[in-house]
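Below: the structure, in structure tokens.
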Amino acid sequence: MVYISIFIMSIVSYILYVRYVPVMNVLCKKLDSKYCQEVEFVVLDIRDYQEAAKQKIDKTITIPFAYLKRYAHEIPKKPIHLICANSLERNIGTRFLRRRGFQIISCTLTEKDCMKEVISA
């Protein structure tokens with residue numbers, strides 16, 4: 001019985017970690033033309049289709065997080081700038097893409113105004 005409760009607690013702890021502990025070394029930055037010229041990267045929008053359609057951004061690859069596993073092979077192997085609705089999407093999306101071998105260099109949160117905020121260890 002003790003082993004089962006330890007196992008369940010470890011699963012719950014892992015789920016909470018993946019969802020709510022911030023991802024390290026991801027620059028939270030607004031996407032503007034100056035930043036796009038400084039660094040060559042792919043802009044990947046992982047918001048829902050409805051939300052992405054409300055705030056259309058040119059030259060992006062739109063793949064909602066729910067479809068990332070199915071369409072990850074369509075993402076070029078270049079550094080990625082993520083566009084996410086909130087920090088929860090950023091955390092889960094960044095961890096998923098890093099496990100697949102992608103390099104996430106920055107992100108934009110549409111529900112939060114972030115100005116060169118770096119989350120680091």
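So you can find residues: chains in the structure tokens are A, B, ... in the order shown, residues in each start at 1, and ligands are numbered from 1 in order.
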
Sel. of helix (DSSP H, G or I) residues, region 6-121 of chain A, as a PyMOL selection string: chain A and resi 6-20+33-38+49-54+65-74+87-99

Got a sec: who's within 10 Å of region 48-63 of chain A, counting only C-alpha atoms, leaving out chain neighbours fewer than 5 positions off, as a PDB file with N, CA, C and O atoms, in the first residue's frame?
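Done, and the output landed in result-v3.pdb:
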ATOM      1  N   LEU A  31       7.247  39.900 -30.621  1.00  0.00           N
ATOM      2  CA  LEU A  31       7.713  39.625 -31.970  1.00  0.00           C
ATOM      3  C   LEU A  31       7.576  40.902 -32.790  1.00  0.00           C
ATOM      4  O   LEU A  31       6.472  41.333 -33.109  1.00  0.00           O
ATOM      5  N   VAL A  42      12.222  30.157 -36.908  1.00  0.00           N
ATOM      6  CA  VAL A  42      10.884  29.793 -37.357  1.00  0.00           C
ATOM      7  C   VAL A  42       9.903  30.281 -36.301  1.00  0.00           C
ATOM      8  O   VAL A  42      10.142  30.112 -35.106  1.00  0.00           O
ATOM      9  N   VAL A  43       8.806  30.882 -36.728  1.00  0.00           N
ATOM     10  CA  VAL A  43       7.775  31.315 -35.795  1.00  0.00           C
ATOM     11  C   VAL A  43       6.689  30.244 -35.775  1.00  0.00           C
ATOM     12  O   VAL A  43       6.065  29.959 -36.796  1.00  0.00           O
ATOM     13  N   LEU A  68       0.636  18.898 -32.093  1.00  0.00           N
ATOM     14  CA  LEU A  68       2.102  18.922 -32.233  1.00  0.00           C
ATOM     15  C   LEU A  68       2.695  17.536 -32.422  1.00  0.00           C
ATOM     16  O   LEU A  68       3.601  17.354 -33.233  1.00  0.00           O
ATOM     17  N   LYS A  69       2.209  16.574 -31.693  1.00  0.00           N
ATOM     18  CA  LYS A  69       2.769  15.230 -31.802  1.00  0.00           C
ATOM     19  C   LYS A  69       2.576  14.686 -33.217  1.00  0.00           C
ATOM     20  O   LYS A  69       3.474  14.063 -33.780  1.00  0.00           O
ATOM     21  N   ARG A  70       1.423  14.953 -33.805  1.00  0.00           N
ATOM     22  CA  ARG A  70       1.111  14.442 -35.134  1.00  0.00           C
ATOM     23  C   ARG A  70       1.876  15.175 -36.235  1.00  0.00           C
ATOM     24  O   ARG A  70       2.272  14.571 -37.225  1.00  0.00           O
ATOM     25  N   TYR A  71       2.085  16.491 -36.076  1.00  0.00           N
ATOM     26  CA  TYR A  71       2.680  17.294 -37.142  1.00  0.00           C
ATOM     27  C   TYR A  71       4.065  17.840 -36.818  1.00  0.00           C
ATOM     28  O   TYR A  71       4.538  18.756 -37.491  1.00  0.00           O
ATOM     29  N   ALA A  72       4.743  17.302 -35.845  1.00  0.00           N
ATOM     30  CA  ALA A  72       6.077  17.796 -35.470  1.00  0.00           C
ATOM     31  C   ALA A  72       7.083  17.626 -36.605  1.00  0.00           C
ATOM     32  O   ALA A  72       8.023  18.411 -36.717  1.00  0.00           O
ATOM     33  N   GLU A  74       6.696  18.381 -39.608  1.00  0.00           N
ATOM     34  CA  GLU A  74       6.563  19.480 -40.559  1.00  0.00           C
ATOM     35  C   GLU A  74       7.297  20.745 -40.108  1.00  0.00           C
ATOM     36  O   GLU A  74       7.407  21.694 -40.873  1.00  0.00           O
ATOM     37  N   ILE A  75       7.789  20.765 -38.883  1.00  0.00           N
ATOM     38  CA  ILE A  75       8.490  21.948 -38.361  1.00  0.00           C
ATOM     39  C   ILE A  75       9.940  21.881 -38.801  1.00  0.00           C
ATOM     40  O   ILE A  75      10.615  20.876 -38.556  1.00  0.00           O
ATOM     41  N   PRO A  76      10.457  22.944 -39.460  1.00  0.00           N
ATOM     42  CA  PRO A  76      11.868  22.931 -39.869  1.00  0.00           C
ATOM     43  C   PRO A  76      12.800  22.858 -38.664  1.00  0.00           C
ATOM     44  O   PRO A  76      12.487  23.347 -37.585  1.00  0.00           O
ATOM     45  N   HIS A  81      10.763  30.381 -32.414  1.00  0.00           N
ATOM     46  CA  HIS A  81      10.113  31.375 -31.566  1.00  0.00           C
ATOM     47  C   HIS A  81       8.671  30.915 -31.415  1.00  0.00           C
ATOM     48  O   HIS A  81       7.953  30.780 -32.395  1.00  0.00           O
ATOM     49  N   LEU A  82       8.247  30.629 -30.188  1.00  0.00           N
ATOM     50  CA  LEU A  82       6.889  30.149 -29.929  1.00  0.00           C
ATOM     51  C   LEU A  82       5.936  31.303 -29.682  1.00  0.00           C
ATOM     52  O   LEU A  82       6.296  32.286 -29.031  1.00  0.00           O
ATOM     53  N   ILE A  83       4.734  31.168 -30.188  1.00  0.00           N
ATOM     54  CA  ILE A  83       3.653  32.082 -29.837  1.00  0.00           C
ATOM     55  C   ILE A  83       2.633  31.255 -29.070  1.00  0.00           C
ATOM     56  O   ILE A  83       2.074  30.297 -29.595  1.00  0.00           O
ATOM     57  N   CYS A  84       2.434  31.626 -27.801  1.00  0.00           N
ATOM     58  CA  CYS A  84       1.564  30.863 -26.908  1.00  0.00           C
ATOM     59  C   CYS A  84       0.517  31.799 -26.311  1.00  0.00           C
ATOM     60  O   CYS A  84       0.740  32.997 -26.196  1.00  0.00           O
ATOM     61  N   ALA A  85      -0.584  31.229 -25.886  1.00  0.00           N
ATOM     62  CA  ALA A  85      -1.624  32.030 -25.244  1.00  0.00           C
ATOM     63  C   ALA A  85      -1.231  32.390 -23.812  1.00  0.00           C
ATOM     64  O   ALA A  85      -1.434  33.511 -23.369  1.00  0.00           O
ATOM     65  N   THR A 110       0.481  35.830 -25.527  1.00  0.00           N
ATOM     66  CA  THR A 110      -0.531  36.795 -25.959  1.00  0.00           C
ATOM     67  C   THR A 110      -1.382  37.306 -24.806  1.00  0.00           C
ATOM     68  O   THR A 110      -1.961  38.370 -24.908  1.00  0.00           O
TER      69      THR A 110
END

Distance query Val18 (chain A) at most 7 Å, only C-alpha atoms, self and fewer than 3 positions along chain excluded, as a list of chain:residue names: A:Tyr14, A:Ile15, A:Val21, A:Asn91, A:Ile92

Output for the residues just chosen: N, CA, C and O atoms as an mmCIF file, in the first residue's frame:
data_model
loop_
_atom_site.group_PDB
_atom_site.id
_atom_site.type_symbol
_atom_site.label_atom_id
_atom_site.label_comp_id
_atom_site.auth_asym_id
_atom_site.auth_seq_id
_atom_site.Cartn_x
_atom_site.Cartn_y
_atom_site.Cartn_z
ATOM 1 N N TYR A 14 4.986 14.828 -10.921
ATOM 2 C CA TYR A 14 5.494 14.997 -12.283
ATOM 3 C C TYR A 14 4.528 15.818 -13.130
ATOM 4 O O TYR A 14 4.944 16.724 -13.861
ATOM 5 N N ILE A 15 3.246 15.540 -13.034
ATOM 6 C CA ILE A 15 2.249 16.284 -13.812
ATOM 7 C C ILE A 15 2.253 17.753 -13.402
ATOM 8 O O ILE A 15 2.217 18.647 -14.256
ATOM 9 N N VAL A 21 5.772 24.471 -13.417
ATOM 10 C CA VAL A 21 7.117 24.973 -13.143
ATOM 11 C C VAL A 21 7.637 25.628 -14.422
ATOM 12 O O VAL A 21 7.610 25.013 -15.485
ATOM 13 N N ASN A 91 5.048 26.327 -21.205
ATOM 14 C CA ASN A 91 5.755 25.285 -20.462
ATOM 15 C C ASN A 91 5.616 23.927 -21.129
ATOM 16 O O ASN A 91 6.610 23.240 -21.379
ATOM 17 N N ILE A 92 4.392 23.546 -21.417
ATOM 18 C CA ILE A 92 4.149 22.221 -21.995
ATOM 19 C C ILE A 92 4.706 22.138 -23.416
ATOM 20 O O ILE A 92 5.354 21.153 -23.784
#

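A straight line drawn from CA of Cys28 (chain A) to CA of Ile11 (chain A) is 29.1 Å long.
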
One-decimal distance in Å that lies between CA of Ser5 (chain A) and CA of Pro22 (chain A):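 The value is 26.5 Å.
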
All strand (DSSP E or B) residues (DSSP, backbone) inside chain A, as a PyMOL selection string: chain A and resi 26-28+42-45+60-62+80-84+104-109+117-119

Residue nearest Glu89 (chain A) among A:Val39, A:Asn25, A:Tyr20, A:Phe102 (counting only C-alpha atoms): A:Tyr20

Nearest-residue call for Pro64 (chain A), choices A:Arg47, A:Arg99, A:Arg90, A:Lys29, using only C-alpha atoms: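 When distances to Pro64 (chain A) are compared using only C-alpha atoms, the smallest one comes from A:Arg47.
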
Separation of CA of Leu88 (chain A) from CA of Met9 (chain A) in Å: 21.2 Å

Minimum-distance residue to Arg19 (chain A), chosen among A:Ser87, A:Ile6, A:Pro79, A:His73 (using only C-alpha atoms): A:Ser87
